Every structure is written in structure tokens, then in C-alpha cells.
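Structure below is protein-v9.txt: compact mmCIF, N, CA and C atoms.
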```txt
# COMPACT_ATOMS: atom_id res chain seq x y z
N MET A 1 12.57 -22.30 10.69
CA MET A 1 11.28 -21.64 10.69
C MET A 1 11.09 -20.76 11.93
N LEU A 2 11.54 -21.28 13.09
CA LEU A 2 11.41 -20.49 14.31
C LEU A 2 12.29 -19.24 14.27
N ARG A 3 13.47 -19.35 13.67
CA ARG A 3 14.33 -18.16 13.51
C ARG A 3 13.63 -17.11 12.66
N PHE A 4 13.02 -17.57 11.58
CA PHE A 4 12.31 -16.66 10.69
C PHE A 4 11.19 -15.95 11.44
N LEU A 5 10.41 -16.70 12.22
CA LEU A 5 9.31 -16.09 12.98
C LEU A 5 9.84 -15.09 14.01
N GLY A 6 10.97 -15.44 14.64
CA GLY A 6 11.57 -14.51 15.59
C GLY A 6 12.03 -13.23 14.92
N LEU A 7 12.65 -13.37 13.76
CA LEU A 7 13.10 -12.21 13.00
C LEU A 7 11.91 -11.37 12.56
N LEU A 8 10.88 -12.02 12.08
CA LEU A 8 9.67 -11.31 11.64
C LEU A 8 9.03 -10.56 12.80
N THR A 9 8.96 -11.19 13.95
CA THR A 9 8.40 -10.54 15.13
C THR A 9 9.22 -9.30 15.50
N GLY A 10 10.54 -9.41 15.43
CA GLY A 10 11.40 -8.26 15.72
C GLY A 10 11.19 -7.12 14.75
N ILE A 11 11.06 -7.44 13.48
CA ILE A 11 10.83 -6.41 12.47
C ILE A 11 9.51 -5.71 12.70
N ILE A 12 8.48 -6.48 13.02
CA ILE A 12 7.16 -5.89 13.28
C ILE A 12 7.23 -4.99 14.51
N ALA A 13 7.92 -5.41 15.55
CA ALA A 13 8.05 -4.59 16.75
C ALA A 13 8.74 -3.27 16.45
N LEU A 14 9.80 -3.31 15.64
CA LEU A 14 10.49 -2.08 15.25
C LEU A 14 9.59 -1.17 14.43
N ALA A 15 8.82 -1.76 13.53
CA ALA A 15 7.92 -0.96 12.70
C ALA A 15 6.87 -0.28 13.54
N VAL A 16 6.30 -0.98 14.51
CA VAL A 16 5.30 -0.39 15.38
C VAL A 16 5.91 0.73 16.21
N ALA A 17 7.12 0.54 16.71
CA ALA A 17 7.79 1.58 17.49
C ALA A 17 8.07 2.81 16.65
N ALA A 18 8.31 2.63 15.38
CA ALA A 18 8.63 3.75 14.49
C ALA A 18 7.42 4.56 14.10
N LEU A 19 6.22 4.09 14.36
CA LEU A 19 5.02 4.82 13.96
C LEU A 19 4.91 6.17 14.64
N GLY A 20 5.43 6.32 15.83
CA GLY A 20 5.31 7.57 16.55
C GLY A 20 6.08 8.72 15.93
N THR A 21 7.21 8.46 15.34
CA THR A 21 8.05 9.50 14.77
C THR A 21 8.62 9.04 13.46
N THR A 22 8.55 9.90 12.47
CA THR A 22 9.20 9.64 11.21
C THR A 22 10.52 10.39 11.25
N ALA A 23 11.61 9.68 11.46
CA ALA A 23 12.91 10.33 11.61
C ALA A 23 13.62 10.44 10.27
N ASN A 24 14.39 11.48 10.13
CA ASN A 24 15.21 11.68 8.95
C ASN A 24 16.66 11.57 9.36
N ALA A 25 17.51 11.19 8.43
CA ALA A 25 18.92 10.95 8.72
C ALA A 25 19.60 12.17 9.33
N ALA A 26 19.23 13.36 8.91
CA ALA A 26 19.92 14.57 9.38
C ALA A 26 19.32 15.11 10.68
N GLY A 27 18.35 14.43 11.26
CA GLY A 27 17.85 14.85 12.55
C GLY A 27 16.47 15.48 12.52
N GLY A 28 15.98 15.91 11.37
CA GLY A 28 14.63 16.45 11.30
C GLY A 28 13.63 15.33 11.45
N SER A 29 12.46 15.62 11.99
CA SER A 29 11.46 14.58 12.14
C SER A 29 10.07 15.18 12.13
N ILE A 30 9.11 14.31 11.87
CA ILE A 30 7.71 14.67 11.99
C ILE A 30 7.16 13.81 13.12
N THR A 31 6.71 14.47 14.19
CA THR A 31 6.22 13.73 15.35
C THR A 31 4.70 13.68 15.35
N ARG A 32 4.18 12.67 16.00
CA ARG A 32 2.72 12.56 16.14
C ARG A 32 2.23 13.67 17.07
N TYR A 33 1.05 14.17 16.77
CA TYR A 33 0.45 15.23 17.56
C TYR A 33 0.18 14.76 18.98
N ASN A 34 0.54 15.63 19.92
CA ASN A 34 0.24 15.47 21.33
C ASN A 34 -0.17 16.84 21.82
N ALA A 35 -1.36 16.95 22.38
CA ALA A 35 -1.91 18.26 22.76
C ALA A 35 -0.99 19.02 23.71
N GLN A 36 -0.42 18.33 24.69
CA GLN A 36 0.43 19.01 25.67
C GLN A 36 1.72 19.53 25.05
N SER A 37 2.39 18.71 24.24
CA SER A 37 3.65 19.17 23.66
C SER A 37 3.41 20.24 22.59
N PHE A 38 2.27 20.15 21.90
CA PHE A 38 1.93 21.18 20.92
C PHE A 38 1.71 22.52 21.62
N ALA A 39 0.93 22.50 22.71
CA ALA A 39 0.66 23.73 23.47
C ALA A 39 1.96 24.30 24.05
N ALA A 40 2.84 23.43 24.53
CA ALA A 40 4.12 23.90 25.08
C ALA A 40 4.96 24.57 24.00
N ALA A 41 5.00 23.98 22.82
CA ALA A 41 5.77 24.57 21.71
C ALA A 41 5.18 25.92 21.31
N GLN A 42 3.85 26.02 21.31
CA GLN A 42 3.21 27.30 21.01
C GLN A 42 3.55 28.34 22.07
N ASP A 43 3.48 27.94 23.35
CA ASP A 43 3.79 28.85 24.44
C ASP A 43 5.23 29.36 24.37
N GLN A 44 6.13 28.53 23.83
CA GLN A 44 7.54 28.91 23.68
C GLN A 44 7.78 29.73 22.42
N GLY A 45 6.72 29.97 21.63
CA GLY A 45 6.85 30.79 20.43
C GLY A 45 7.51 30.08 19.26
N LYS A 46 7.53 28.76 19.29
CA LYS A 46 8.18 28.00 18.22
C LYS A 46 7.39 28.06 16.93
N THR A 47 8.10 27.86 15.83
CA THR A 47 7.47 27.71 14.53
C THR A 47 7.11 26.24 14.37
N ILE A 48 5.85 25.99 14.01
CA ILE A 48 5.33 24.63 13.94
C ILE A 48 4.63 24.43 12.60
N VAL A 49 4.97 23.37 11.91
CA VAL A 49 4.28 22.97 10.68
C VAL A 49 3.43 21.75 11.04
N VAL A 50 2.13 21.85 10.78
CA VAL A 50 1.20 20.77 11.10
C VAL A 50 0.73 20.12 9.81
N ASP A 51 0.87 18.81 9.75
CA ASP A 51 0.42 18.00 8.63
C ASP A 51 -0.81 17.23 9.08
N VAL A 52 -1.99 17.59 8.56
CA VAL A 52 -3.22 16.86 8.88
C VAL A 52 -3.30 15.70 7.90
N HIS A 53 -3.08 14.51 8.41
CA HIS A 53 -2.81 13.33 7.60
C HIS A 53 -3.82 12.22 7.88
N ALA A 54 -4.16 11.48 6.84
CA ALA A 54 -4.95 10.26 6.99
C ALA A 54 -4.24 9.15 6.23
N SER A 55 -4.12 8.00 6.84
CA SER A 55 -3.37 6.90 6.23
C SER A 55 -3.98 6.43 4.91
N TRP A 56 -5.27 6.63 4.73
CA TRP A 56 -5.98 6.17 3.53
C TRP A 56 -6.01 7.23 2.43
N CYS A 57 -5.44 8.39 2.68
CA CYS A 57 -5.56 9.55 1.78
C CYS A 57 -4.42 9.58 0.76
N PRO A 58 -4.72 9.47 -0.54
CA PRO A 58 -3.65 9.51 -1.55
C PRO A 58 -2.94 10.86 -1.62
N THR A 59 -3.66 11.94 -1.38
CA THR A 59 -3.03 13.26 -1.38
C THR A 59 -2.04 13.37 -0.22
N CYS A 60 -2.43 12.86 0.95
CA CYS A 60 -1.52 12.87 2.11
C CYS A 60 -0.26 12.07 1.81
N LYS A 61 -0.43 10.95 1.15
CA LYS A 61 0.72 10.10 0.80
C LYS A 61 1.65 10.83 -0.17
N ALA A 62 1.09 11.63 -1.06
CA ALA A 62 1.92 12.40 -1.99
C ALA A 62 2.65 13.54 -1.27
N GLN A 63 2.02 14.11 -0.25
CA GLN A 63 2.64 15.20 0.51
C GLN A 63 3.74 14.70 1.44
N ALA A 64 3.64 13.48 1.92
CA ALA A 64 4.53 12.96 2.96
C ALA A 64 6.02 13.08 2.65
N PRO A 65 6.50 12.65 1.47
CA PRO A 65 7.95 12.78 1.23
C PRO A 65 8.42 14.23 1.12
N ILE A 66 7.55 15.10 0.66
CA ILE A 66 7.91 16.52 0.56
C ILE A 66 8.07 17.10 1.97
N LEU A 67 7.12 16.79 2.84
CA LEU A 67 7.19 17.29 4.22
C LEU A 67 8.35 16.66 4.98
N SER A 68 8.63 15.39 4.73
CA SER A 68 9.78 14.74 5.38
C SER A 68 11.08 15.43 5.00
N GLN A 69 11.21 15.79 3.74
CA GLN A 69 12.42 16.50 3.31
C GLN A 69 12.50 17.89 3.93
N LEU A 70 11.35 18.57 4.01
CA LEU A 70 11.33 19.88 4.67
C LEU A 70 11.73 19.77 6.14
N ALA A 71 11.24 18.74 6.81
CA ALA A 71 11.59 18.53 8.22
C ALA A 71 13.09 18.31 8.37
N LYS A 72 13.67 17.63 7.41
CA LYS A 72 15.12 17.39 7.42
C LYS A 72 15.88 18.70 7.20
N ASP A 73 15.38 19.52 6.29
CA ASP A 73 16.06 20.77 5.92
C ASP A 73 15.88 21.87 6.97
N ALA A 74 14.72 21.95 7.58
CA ALA A 74 14.38 23.03 8.52
C ALA A 74 14.43 22.49 9.95
N LYS A 75 15.61 22.28 10.45
CA LYS A 75 15.79 21.61 11.75
C LYS A 75 15.28 22.42 12.94
N ASN A 76 15.16 23.73 12.80
CA ASN A 76 14.70 24.56 13.92
C ASN A 76 13.19 24.70 13.95
N VAL A 77 12.51 23.99 13.08
CA VAL A 77 11.06 24.04 12.99
C VAL A 77 10.50 22.72 13.49
N LYS A 78 9.43 22.79 14.27
CA LYS A 78 8.78 21.57 14.77
C LYS A 78 7.74 21.12 13.73
N PHE A 79 7.84 19.89 13.29
CA PHE A 79 6.87 19.31 12.35
C PHE A 79 6.03 18.29 13.11
N VAL A 80 4.70 18.44 13.00
CA VAL A 80 3.76 17.62 13.74
C VAL A 80 2.75 17.01 12.78
N ARG A 81 2.45 15.73 12.96
CA ARG A 81 1.44 15.06 12.14
C ARG A 81 0.20 14.83 12.98
N VAL A 82 -0.91 15.43 12.56
CA VAL A 82 -2.21 15.25 13.20
C VAL A 82 -2.95 14.16 12.43
N ASP A 83 -3.48 13.19 13.15
CA ASP A 83 -4.23 12.10 12.53
C ASP A 83 -5.68 12.55 12.31
N PHE A 84 -6.07 12.65 11.06
CA PHE A 84 -7.41 13.14 10.70
C PHE A 84 -8.51 12.28 11.32
N ASP A 85 -8.27 11.01 11.47
CA ASP A 85 -9.30 10.11 11.99
C ASP A 85 -9.33 10.03 13.51
N ARG A 86 -8.30 10.50 14.19
CA ARG A 86 -8.22 10.37 15.65
C ARG A 86 -8.22 11.70 16.40
N ASP A 87 -7.60 12.70 15.86
CA ASP A 87 -7.38 13.95 16.60
C ASP A 87 -8.50 14.97 16.32
N LYS A 88 -9.72 14.56 16.61
CA LYS A 88 -10.90 15.38 16.27
C LYS A 88 -10.95 16.71 17.02
N ALA A 89 -10.47 16.74 18.26
CA ALA A 89 -10.49 18.00 19.01
C ALA A 89 -9.63 19.05 18.33
N PHE A 90 -8.45 18.65 17.84
CA PHE A 90 -7.58 19.59 17.12
C PHE A 90 -8.28 20.09 15.86
N LEU A 91 -8.92 19.17 15.14
CA LEU A 91 -9.60 19.55 13.90
C LEU A 91 -10.71 20.56 14.17
N ARG A 92 -11.49 20.33 15.23
CA ARG A 92 -12.56 21.27 15.58
C ARG A 92 -11.99 22.62 16.00
N GLN A 93 -10.97 22.59 16.85
CA GLN A 93 -10.38 23.83 17.37
C GLN A 93 -9.85 24.71 16.25
N HIS A 94 -9.27 24.09 15.23
CA HIS A 94 -8.65 24.86 14.14
C HIS A 94 -9.49 24.87 12.87
N ARG A 95 -10.71 24.38 12.98
CA ARG A 95 -11.68 24.39 11.87
C ARG A 95 -11.09 23.79 10.59
N ILE A 96 -10.67 22.56 10.72
CA ILE A 96 -10.08 21.83 9.59
C ILE A 96 -11.10 20.82 9.08
N PRO A 97 -11.66 21.05 7.90
CA PRO A 97 -12.72 20.17 7.40
C PRO A 97 -12.22 18.93 6.67
N ARG A 98 -10.93 18.90 6.31
CA ARG A 98 -10.47 17.76 5.51
C ARG A 98 -9.00 17.45 5.77
N GLN A 99 -8.65 16.22 5.44
CA GLN A 99 -7.27 15.78 5.52
C GLN A 99 -6.46 16.49 4.44
N SER A 100 -5.17 16.28 4.43
CA SER A 100 -4.22 16.89 3.49
C SER A 100 -4.13 18.41 3.64
N THR A 101 -4.42 18.89 4.85
CA THR A 101 -4.28 20.30 5.16
C THR A 101 -2.95 20.51 5.88
N ILE A 102 -2.22 21.53 5.46
CA ILE A 102 -0.94 21.88 6.09
C ILE A 102 -1.11 23.26 6.74
N LEU A 103 -0.78 23.35 8.02
CA LEU A 103 -0.86 24.61 8.75
C LEU A 103 0.55 25.01 9.18
N VAL A 104 0.78 26.32 9.24
CA VAL A 104 2.04 26.83 9.79
C VAL A 104 1.68 27.79 10.92
N PHE A 105 2.29 27.57 12.08
CA PHE A 105 2.09 28.43 13.24
C PHE A 105 3.41 29.08 13.63
N LYS A 106 3.33 30.33 14.06
CA LYS A 106 4.43 31.01 14.75
C LYS A 106 3.88 31.25 16.15
N GLY A 107 4.32 30.43 17.08
CA GLY A 107 3.71 30.46 18.40
C GLY A 107 2.26 30.05 18.28
N LYS A 108 1.37 30.88 18.82
CA LYS A 108 -0.06 30.55 18.79
C LYS A 108 -0.77 31.10 17.55
N GLN A 109 -0.06 31.83 16.74
CA GLN A 109 -0.65 32.47 15.56
C GLN A 109 -0.52 31.60 14.32
N GLU A 110 -1.65 31.25 13.71
CA GLU A 110 -1.61 30.55 12.43
C GLU A 110 -1.21 31.56 11.36
N VAL A 111 -0.13 31.26 10.62
CA VAL A 111 0.37 32.18 9.60
C VAL A 111 0.19 31.64 8.18
N GLY A 112 -0.34 30.43 8.06
CA GLY A 112 -0.57 29.89 6.73
C GLY A 112 -1.34 28.59 6.77
N ARG A 113 -2.08 28.36 5.68
CA ARG A 113 -2.87 27.14 5.54
C ARG A 113 -2.89 26.76 4.07
N SER A 114 -2.59 25.51 3.80
CA SER A 114 -2.62 24.98 2.43
C SER A 114 -3.44 23.70 2.44
N ILE A 115 -4.29 23.55 1.44
CA ILE A 115 -5.14 22.37 1.38
C ILE A 115 -4.88 21.61 0.08
N ALA A 116 -4.51 20.35 0.23
CA ALA A 116 -4.39 19.39 -0.87
C ALA A 116 -3.30 19.73 -1.89
N GLU A 117 -2.31 20.51 -1.50
CA GLU A 117 -1.22 20.83 -2.44
C GLU A 117 -0.25 19.66 -2.51
N THR A 118 0.00 19.19 -3.72
CA THR A 118 0.95 18.08 -3.91
C THR A 118 2.11 18.45 -4.83
N ASN A 119 2.07 19.64 -5.40
CA ASN A 119 3.18 20.07 -6.24
C ASN A 119 4.37 20.39 -5.33
N ARG A 120 5.48 19.70 -5.56
CA ARG A 120 6.66 19.83 -4.69
C ARG A 120 7.11 21.28 -4.56
N THR A 121 7.23 21.99 -5.66
CA THR A 121 7.73 23.37 -5.64
C THR A 121 6.78 24.27 -4.87
N ARG A 122 5.49 24.17 -5.15
CA ARG A 122 4.51 25.04 -4.48
C ARG A 122 4.41 24.73 -2.99
N LEU A 123 4.42 23.44 -2.63
CA LEU A 123 4.31 23.09 -1.21
C LEU A 123 5.56 23.52 -0.44
N ARG A 124 6.73 23.30 -1.03
CA ARG A 124 7.97 23.76 -0.38
C ARG A 124 7.96 25.28 -0.21
N SER A 125 7.55 25.99 -1.25
CA SER A 125 7.51 27.46 -1.17
C SER A 125 6.52 27.92 -0.11
N PHE A 126 5.36 27.27 -0.06
CA PHE A 126 4.35 27.63 0.94
C PHE A 126 4.95 27.55 2.34
N VAL A 127 5.60 26.43 2.64
CA VAL A 127 6.17 26.24 3.98
C VAL A 127 7.37 27.17 4.21
N LEU A 128 8.31 27.17 3.29
CA LEU A 128 9.54 27.95 3.49
C LEU A 128 9.28 29.45 3.58
N ASP A 129 8.29 29.95 2.86
CA ASP A 129 7.96 31.38 2.92
C ASP A 129 7.36 31.78 4.26
N ARG A 130 6.89 30.81 5.04
CA ARG A 130 6.22 31.12 6.30
C ARG A 130 7.02 30.76 7.54
N ILE A 131 8.12 30.07 7.34
CA ILE A 131 8.91 29.71 8.53
C ILE A 131 10.08 30.67 8.65
```
Structure translated into C-alpha cells:
Amino acid sequence: MLRFLGLLTGIIALAVAALGTTANAAGGSITRYNAQSFAAAQDQGKTIVVDVHASWCPTCKAQAPILSQLAKDAKNVKFVRVDFDRDKAFLRQHRIPRQSTILVFKGKQEVGRSIAETNRTRLRSFVLDRI
């Protein structure tokens, strides 16, 4: 029983550590939003895809595997997940009224916005056409 509890504790610790970044086998990832690293990426002129996500949102859950695959495929693009319930300053700054919004930036310039798209083909095209 103690071995089982130790194993369970280890699994929980790994799961909590993994919350910060969703890694893909090929190296692409979606990282949690951080204002300083986001601003630095913009200042460097990087292409950034922002996923405005809420854990309770079914549309966000449908978008997640599509965006994870895109992050894997587009390794030179920074993918960032903004928490709709926590990152209120980002939402105000970019005038985002709802979760399941996808933004694409080239440096500091927003070049695209998609709201609540869950069709794999359309969402992939939206992102790929802008990066």
C-alpha cells in the first residue's frame, strides 16, 4: 500500500510539473503565457500563436489537439496558452471577450484572430496562412 501511495504521489508531481508546458514529441510546444517572455518574443519579431483557453471550455478542449499538432509542425513559431480565467490583463489589452480565441502575431502586429473555430481544416488553414 505504501509503494502504491509513493507511486501515486510521484505521478501527481509529474502531472503538476507538466501543466506549465504541453510538449510534443518532435519538439513543438505550447507554453503558458508569461508577460515578460511574450513581450520579449514580440520585440524579437517572432511569430506567435496565442490560444486563449479555459479548462472548463468544451470548444477550447476541441481546439487543443489541433493546436498541439500545429505546434509540433511549425517549430519556428512560438505557441502560447493564455488562461482565460487568470490572465485578465492580456485579455483587456487585446480586447478578447471570450475563451476559445486564437490570435496570430508577427512581432507586435496582430495578423489574425479566430473565435470558437473547431473544424480541423479551417483552424489549421487559419494558422498556417498567417505564419
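For the choices A:Asp73, A:Arg95, A:Gln42, A:Asp129, the atom-to-atom distance to Gln109 in chain A is smallest for A:Gln42 when using only N, CA and C atoms.
Of the residues under consideration (A:Asp51, A:Gly112, A:Gly45, A:Glu117), A:Asp51 shows the shortest atom-to-atom contact distance to Val82 in chain A when counting all atoms listed in the file.
You will find CA of His94 in chain A at 11.0 Å from CA of Val52 in chain A.
Take the candidates A:Ile30, A:Ala62, A:Ala74, A:Val49 and check each one against Arg113 in chain A using only C-alpha atoms; the shortest distance goes to A:Val49.
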Open item on the list: Set the distance at 6 Å and use all atoms listed in the file: which residues neighbour range 77-80 of chain A once local chain neighbours fewer than 4 positions away are removed? I'd like the list as an MDAnalysis selection string.
Closed with: chainID A and resid 29:33 47:51
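Our summary of the geometry notes that CA of Ile131 in chain A is positioned 7.6 Å from CA of Val104 in chain A.
A straight line drawn from CA of Gln63 in chain A to CA of Arg124 in chain A is 10.1 Å long.
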TODO: Assign secondary structure with DSSP using the backbone only, and return the residues of range 28-106 of chain A in helix (DSSP H, G or I) as a PyMOL selection string.
DONE: chain A and resi 35-43+58-73+88-93
Task: Residue with smallest distance to Arg86 in chain A - pool A:His53, A:Thr101, A:Lys108, A:Ile66, counting only N, CA and C atoms - done: A:His53
